[in-house]
Each structure stands twice: as structure tokens, then as C-alpha cells.
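**Q** After the C-alpha cells below, expect a handful of questions from me.
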Amino acid sequence: MPAPADQIIELRRRFDDAPPSRILATVLGEVFTGRIAVVSSFGADAAVLLHLVATIDRATPVLFIDTGRHFPETLQYRDLLIGHLGLTAVRSIGPSAAEIERLDADSNRSTWDPDGCCAFRKVVPLEQALEGVDAWITGRKRFQGATRTHMPIFEIDGRHVKINPLAAWSATDIQAYATTLALPEHPLLARGYRSISCAPCTSAVGPDEEQRAGRWRGFEKTECGIHRPALANQPLTNQSSSGK
Ligand code: SF4
């Protein structure tokens, strides 16, 4: 199997301008078949990516990081979407009860150490779950905030290839797709939440704010840590992939 950097060079050459449906059909059905998973928060825009995936293969593995701090509405929405889309391989991952007791017994860690809280509730469980695959798919978009403006569709993430098939879609594209397909809407959208994660760290946003402005208000933190700065955010060449 080629090294991730070599794969990304080839994938970018073939698919960087391709529509999400073609990217997904290729990575799921050709390049990484049986070695790939979708990671979904079942948040504000989740239905769009999951519908695209389900249209190709409803048995695609989908990982949901159940941090133990989600809104009840998110858990209900997850179950609703699974049924609506007919997804058959959604798996919840997350910290064990013993880890929660050891690292955040009073469920207050997010208020004084959100990085540490995200690390044991999100980052570590995902790293463990991804050990069995070579690539993973996210629903991230460039319009979501300043830290994602230059996000490529194909990235290197450690030894994995990370694929962001919706990177180039605008908020209008997402809304149009969801409306056309009459996809179920996350119940918190109607209350002004536009990027939804754990309840203690998510708030509604105003009309002039970025989509992710309601995440970790009061902290400088803008990402949970599962999306590390990627080597592939830099232009890749064959030379860099060979380590010269
Ligand atoms: S988003 Fe907040 S509650 Fe959720 S894991 Fe991160 S710090 Fe903890």
C-alpha cells in the first residue's frame, strides 16, 4: 500500500475539484474499501454527509464519539438519523466509566481544563478506534471558521489519510442539499445553535458570528484536538513524500 503522502498526491490530482459524491464513491468503493470510517458528531450539518455516505453504502462504518456530555437532543437526533438513513454500522466510542471517574469525577473538567477534557473524552477514544483503518472522513467545511479557511479535501493525519469531502461547500450548498432531500434537522438549530458538540461547551450564535463562535466561549480554544494541524495543509510534492 502506498504511503499516505503518496496517496494524497494522487487523490488530489484526481479529485480535488470533484463533487463530494464522486470523492466519497471513490474512497469508499475503490481506494480504501474496508479500511475507512466516517466520524460524525451528529451535529448541525451531519445529515448531509451521512446522506451522501448512505447513498453509496449504508453499511459504511460511522464512529460517534459519545463523550458523555452531549445534549440529549443530539443523542435523540443520532438515533433518528440512523433510522432515517438506514445506517447499519454506527458505533459509539468514548471514555470508559472508570476513566470518567478517574479524570473527571465531578464532570467539571471542561470549565478549568477543556483541553484535558477533550483529550480523554474525544481524542484518545478516536485514536484507538481509528487503529483499524487507513483513512477517515469528516464533515468539516472551510466556511465554518478562520481555522478551517484553507482546509484541503485530502490531508495527512499521522499515519491516516483524512478526507473532508465537503470542504469546498458553502453554507448555502449545505442548506440546499438538506432542504432538497428533506433531511431531518437537529432540534437545536431552531434555537440558534449552528455548530453543536458537548452541552457545557456549546452555545447559540448570533447572525453575524462564525458558525463555530459558540464553541468554548471564554476560552481561546477553537478545536477539540481530534483535528491536528496536518502536514498536508502544506503543498505536497513527491519530494516531500520521499523524505528528501
Ligand atoms: S467539548 Fe467540552 S465537555 Fe466535550 S470533551 Fe471537550 S471540553 Fe469536555
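Here, A, B, ... name the chains of the C-alpha cells in the order displayed, residue numbers run from 1 inside each chain, and ligands are numbered from 1 in the same displayed order.
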Residues up to 10 Å from ligand 1, counting only C-alpha atoms and all ligand atoms: could you list those as a PyMOL selection string?

**A** chain A and resi 65-70+94-95+104+107-123+196-202+215-216+221+223-225

**Q** Write a file of the just-selected residues containing C-alpha atoms, as a PDB file, in the first residue's frame.

**A**
ATOM      1  CA  ILE A  65     -17.740   9.966  19.891  1.00  0.00           C
ATOM      2  CA  ASP A  66     -20.060   9.708  22.863  1.00  0.00           C
ATOM      3  CA  THR A  67     -18.285  11.982  25.304  1.00  0.00           C
ATOM      4  CA  GLY A  68     -20.923  11.595  27.979  1.00  0.00           C
ATOM      5  CA  ARG A  69     -21.551  15.358  27.822  1.00  0.00           C
ATOM      6  CA  HIS A  70     -23.764  15.638  24.745  1.00  0.00           C
ATOM      7  CA  GLY A  94     -15.831   7.222  24.159  1.00  0.00           C
ATOM      8  CA  PRO A  95     -14.229   7.114  27.581  1.00  0.00           C
ATOM      9  CA  ASP A 104     -13.463  13.998  35.694  1.00  0.00           C
ATOM     10  CA  SER A 107     -17.994  16.435  35.465  1.00  0.00           C
ATOM     11  CA  ASN A 108     -16.455  19.862  35.836  1.00  0.00           C
ATOM     12  CA  ARG A 109     -13.183  19.490  33.962  1.00  0.00           C
ATOM     13  CA  SER A 110     -14.454  21.346  30.889  1.00  0.00           C
ATOM     14  CA  THR A 111     -14.591  24.559  32.961  1.00  0.00           C
ATOM     15  CA  TRP A 112     -10.942  24.550  34.021  1.00  0.00           C
ATOM     16  CA  ASP A 113      -9.146  22.226  31.585  1.00  0.00           C
ATOM     17  CA  PRO A 114     -11.086  21.864  28.347  1.00  0.00           C
ATOM     18  CA  ASP A 115      -8.014  20.559  26.525  1.00  0.00           C
ATOM     19  CA  GLY A 116      -7.602  17.767  29.047  1.00  0.00           C
ATOM     20  CA  CYS A 117     -11.317  17.051  28.972  1.00  0.00           C
ATOM     21  CA  CYS A 118     -11.368  16.795  25.174  1.00  0.00           C
ATOM     22  CA  ALA A 119      -8.213  14.675  25.271  1.00  0.00           C
ATOM     23  CA  PHE A 120      -9.679  11.849  27.331  1.00  0.00           C
ATOM     24  CA  ARG A 121     -13.283  12.138  26.159  1.00  0.00           C
ATOM     25  CA  LYS A 122     -12.627  12.601  22.434  1.00  0.00           C
ATOM     26  CA  VAL A 123      -9.045  12.400  21.221  1.00  0.00           C
ATOM     27  CA  ILE A 196     -23.011  21.531  18.100  1.00  0.00           C
ATOM     28  CA  SER A 197     -20.817  19.477  20.387  1.00  0.00           C
ATOM     29  CA  CYS A 198     -20.909  18.860  24.137  1.00  0.00           C
ATOM     30  CA  ALA A 199     -23.522  20.807  26.080  1.00  0.00           C
ATOM     31  CA  PRO A 200     -21.140  22.556  28.528  1.00  0.00           C
ATOM     32  CA  CYS A 201     -19.014  23.926  25.679  1.00  0.00           C
ATOM     33  CA  THR A 202     -21.620  24.864  23.079  1.00  0.00           C
ATOM     34  CA  ARG A 215     -17.822  26.652  20.931  1.00  0.00           C
ATOM     35  CA  TRP A 216     -15.757  27.042  24.131  1.00  0.00           C
ATOM     36  CA  LYS A 221      -9.657  27.035  22.339  1.00  0.00           C
ATOM     37  CA  GLU A 223     -10.727  22.897  18.128  1.00  0.00           C
ATOM     38  CA  CYS A 224     -11.222  19.845  20.308  1.00  0.00           C
ATOM     39  CA  GLY A 225      -7.941  18.228  19.302  1.00  0.00           C
TER      40      GLY A 225
END

**Q** Skip Val90 in chain A itself and residues of its chain fewer than 3 positions away, then list as number ranges by chain all residues within 10 Å of it, counting only C-alpha atoms.

**A** A: 37-40, 58-64, 78-79, 82, 87, 93

**Q** Kindly export the residues of the current selection with C-alpha atoms, as a PDB file, in the first residue's frame.

**A**
ATOM      1  CA  ALA A  37     -14.638   5.124   8.603  1.00  0.00           C
ATOM      2  CA  VAL A  38     -16.765   8.248   8.831  1.00  0.00           C
ATOM      3  CA  VAL A  39     -16.536  10.250  12.044  1.00  0.00           C
ATOM      4  CA  SER A  40     -19.733  12.140  12.804  1.00  0.00           C
ATOM      5  CA  ARG A  58     -25.439   2.257   4.216  1.00  0.00           C
ATOM      6  CA  ALA A  59     -23.077  -0.231   5.874  1.00  0.00           C
ATOM      7  CA  THR A  60     -20.187   2.244   5.918  1.00  0.00           C
ATOM      8  CA  PRO A  61     -18.663   2.315   9.426  1.00  0.00           C
ATOM      9  CA  VAL A  62     -19.632   5.527  11.233  1.00  0.00           C
ATOM     10  CA  LEU A  63     -17.984   6.473  14.522  1.00  0.00           C
ATOM     11  CA  PHE A  64     -19.825   8.672  17.000  1.00  0.00           C
ATOM     12  CA  ARG A  78     -28.421  10.469  16.248  1.00  0.00           C
ATOM     13  CA  ASP A  79     -30.996   7.728  16.662  1.00  0.00           C
ATOM     14  CA  ILE A  82     -29.664   6.349  11.848  1.00  0.00           C
ATOM     15  CA  LEU A  87     -27.253   3.331   8.508  1.00  0.00           C
ATOM     16  CA  ILE A  93     -16.972   5.245  21.135  1.00  0.00           C
TER      17      ILE A  93
END

**Q** What residues in range 148-234 of chain A get the DSSP label strand (DSSP E)? Please answer as a PDB file with N, CA and C atoms, in the first residue's frame.

**A**
ATOM      1  N   PHE A 154      -8.071  16.533   0.991  1.00  0.00           N
ATOM      2  CA  PHE A 154      -7.285  15.366   1.414  1.00  0.00           C
ATOM      3  C   PHE A 154      -6.125  15.838   2.283  1.00  0.00           C
ATOM      4  N   GLU A 155      -5.990  15.245   3.465  1.00  0.00           N
ATOM      5  CA  GLU A 155      -4.931  15.619   4.397  1.00  0.00           C
ATOM      6  C   GLU A 155      -4.221  14.364   4.905  1.00  0.00           C
ATOM      7  N   ILE A 156      -3.032  14.593   5.459  1.00  0.00           N
ATOM      8  CA  ILE A 156      -2.369  13.542   6.228  1.00  0.00           C
ATOM      9  C   ILE A 156      -2.656  13.795   7.701  1.00  0.00           C
ATOM     10  N   ASP A 157      -3.015  12.745   8.419  1.00  0.00           N
ATOM     11  CA  ASP A 157      -3.248  12.853   9.855  1.00  0.00           C
ATOM     12  C   ASP A 157      -2.522  11.682  10.502  1.00  0.00           C
ATOM     13  N   HIS A 160      -2.762   8.202   9.015  1.00  0.00           N
ATOM     14  CA  HIS A 160      -4.035   8.115   8.299  1.00  0.00           C
ATOM     15  C   HIS A 160      -4.142   9.168   7.201  1.00  0.00           C
ATOM     16  N   VAL A 161      -4.969   8.840   6.222  1.00  0.00           N
ATOM     17  CA  VAL A 161      -5.444   9.861   5.287  1.00  0.00           C
ATOM     18  C   VAL A 161      -6.773  10.371   5.827  1.00  0.00           C
ATOM     19  N   LYS A 162      -6.885  11.686   5.898  1.00  0.00           N
ATOM     20  CA  LYS A 162      -8.144  12.288   6.366  1.00  0.00           C
ATOM     21  C   LYS A 162      -8.802  12.992   5.185  1.00  0.00           C
ATOM     22  N   ILE A 163     -10.088  12.752   5.027  1.00  0.00           N
ATOM     23  CA  ILE A 163     -10.792  13.232   3.839  1.00  0.00           C
ATOM     24  C   ILE A 163     -11.946  14.132   4.280  1.00  0.00           C
TER      25      ILE A 163
END

**Q** What are the DSSP alpha helix (DSSP H) residues of range 3-240 of chain A, as JSON, numbers by chain?

**A** {"A": [4, 5, 6, 7, 8, 9, 10, 11, 12, 13, 14, 15, 20, 21, 22, 23, 24, 25, 26, 46, 47, 48, 49, 50, 51, 52, 53, 54, 55, 56, 72, 73, 74, 75, 76, 77, 78, 79, 80, 81, 82, 83, 84, 85, 97, 98, 99, 100, 101, 102, 103, 109, 110, 111, 112, 114, 115, 116, 117, 118, 124, 125, 126, 127, 128, 129, 171, 172, 173, 174, 175, 176, 177, 178, 179, 180, 238, 239, 240]}

**Q** Would you kindly return, as a VMD selection string, each protein, DNA or RNA residue with an atom no farther than 8 Å from any atom of Glu210 in chain A, considering only C-alpha atoms and excluding same-chain residues fewer than 5 positions away?

**A** chain A and resid 144 to 145 205

**Q** Counting only C-alpha atoms, which of A:Leu188, A:Ala146, A:Ala168, A:Val124 gets nearest to Phe42 in chain A?

**A**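 Ranked by minimum distance to Phe42 in chain A, first place goes to A:Leu188.
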
**Q** What are the nearest atom pairs, with distances in Å to one decimal, for all residues of range 71-160 of chain A that come at most 12 Å from range 28-32 of chain A, using only C-alpha atoms, set out by chain and rising residue number as a tab-separated table?

**A**
residue	atom	partner	partner_atom	distance
A:Val133	CA	A:Phe32	CA	8.6
A:Asp134	CA	A:Phe32	CA	7.2
A:Ala135	CA	A:Phe32	CA	7.0
A:Trp136	CA	A:Phe32	CA	9.4
A:Ile137	CA	A:Leu28	CA	9.7
A:His160	CA	A:Phe32	CA	11.0
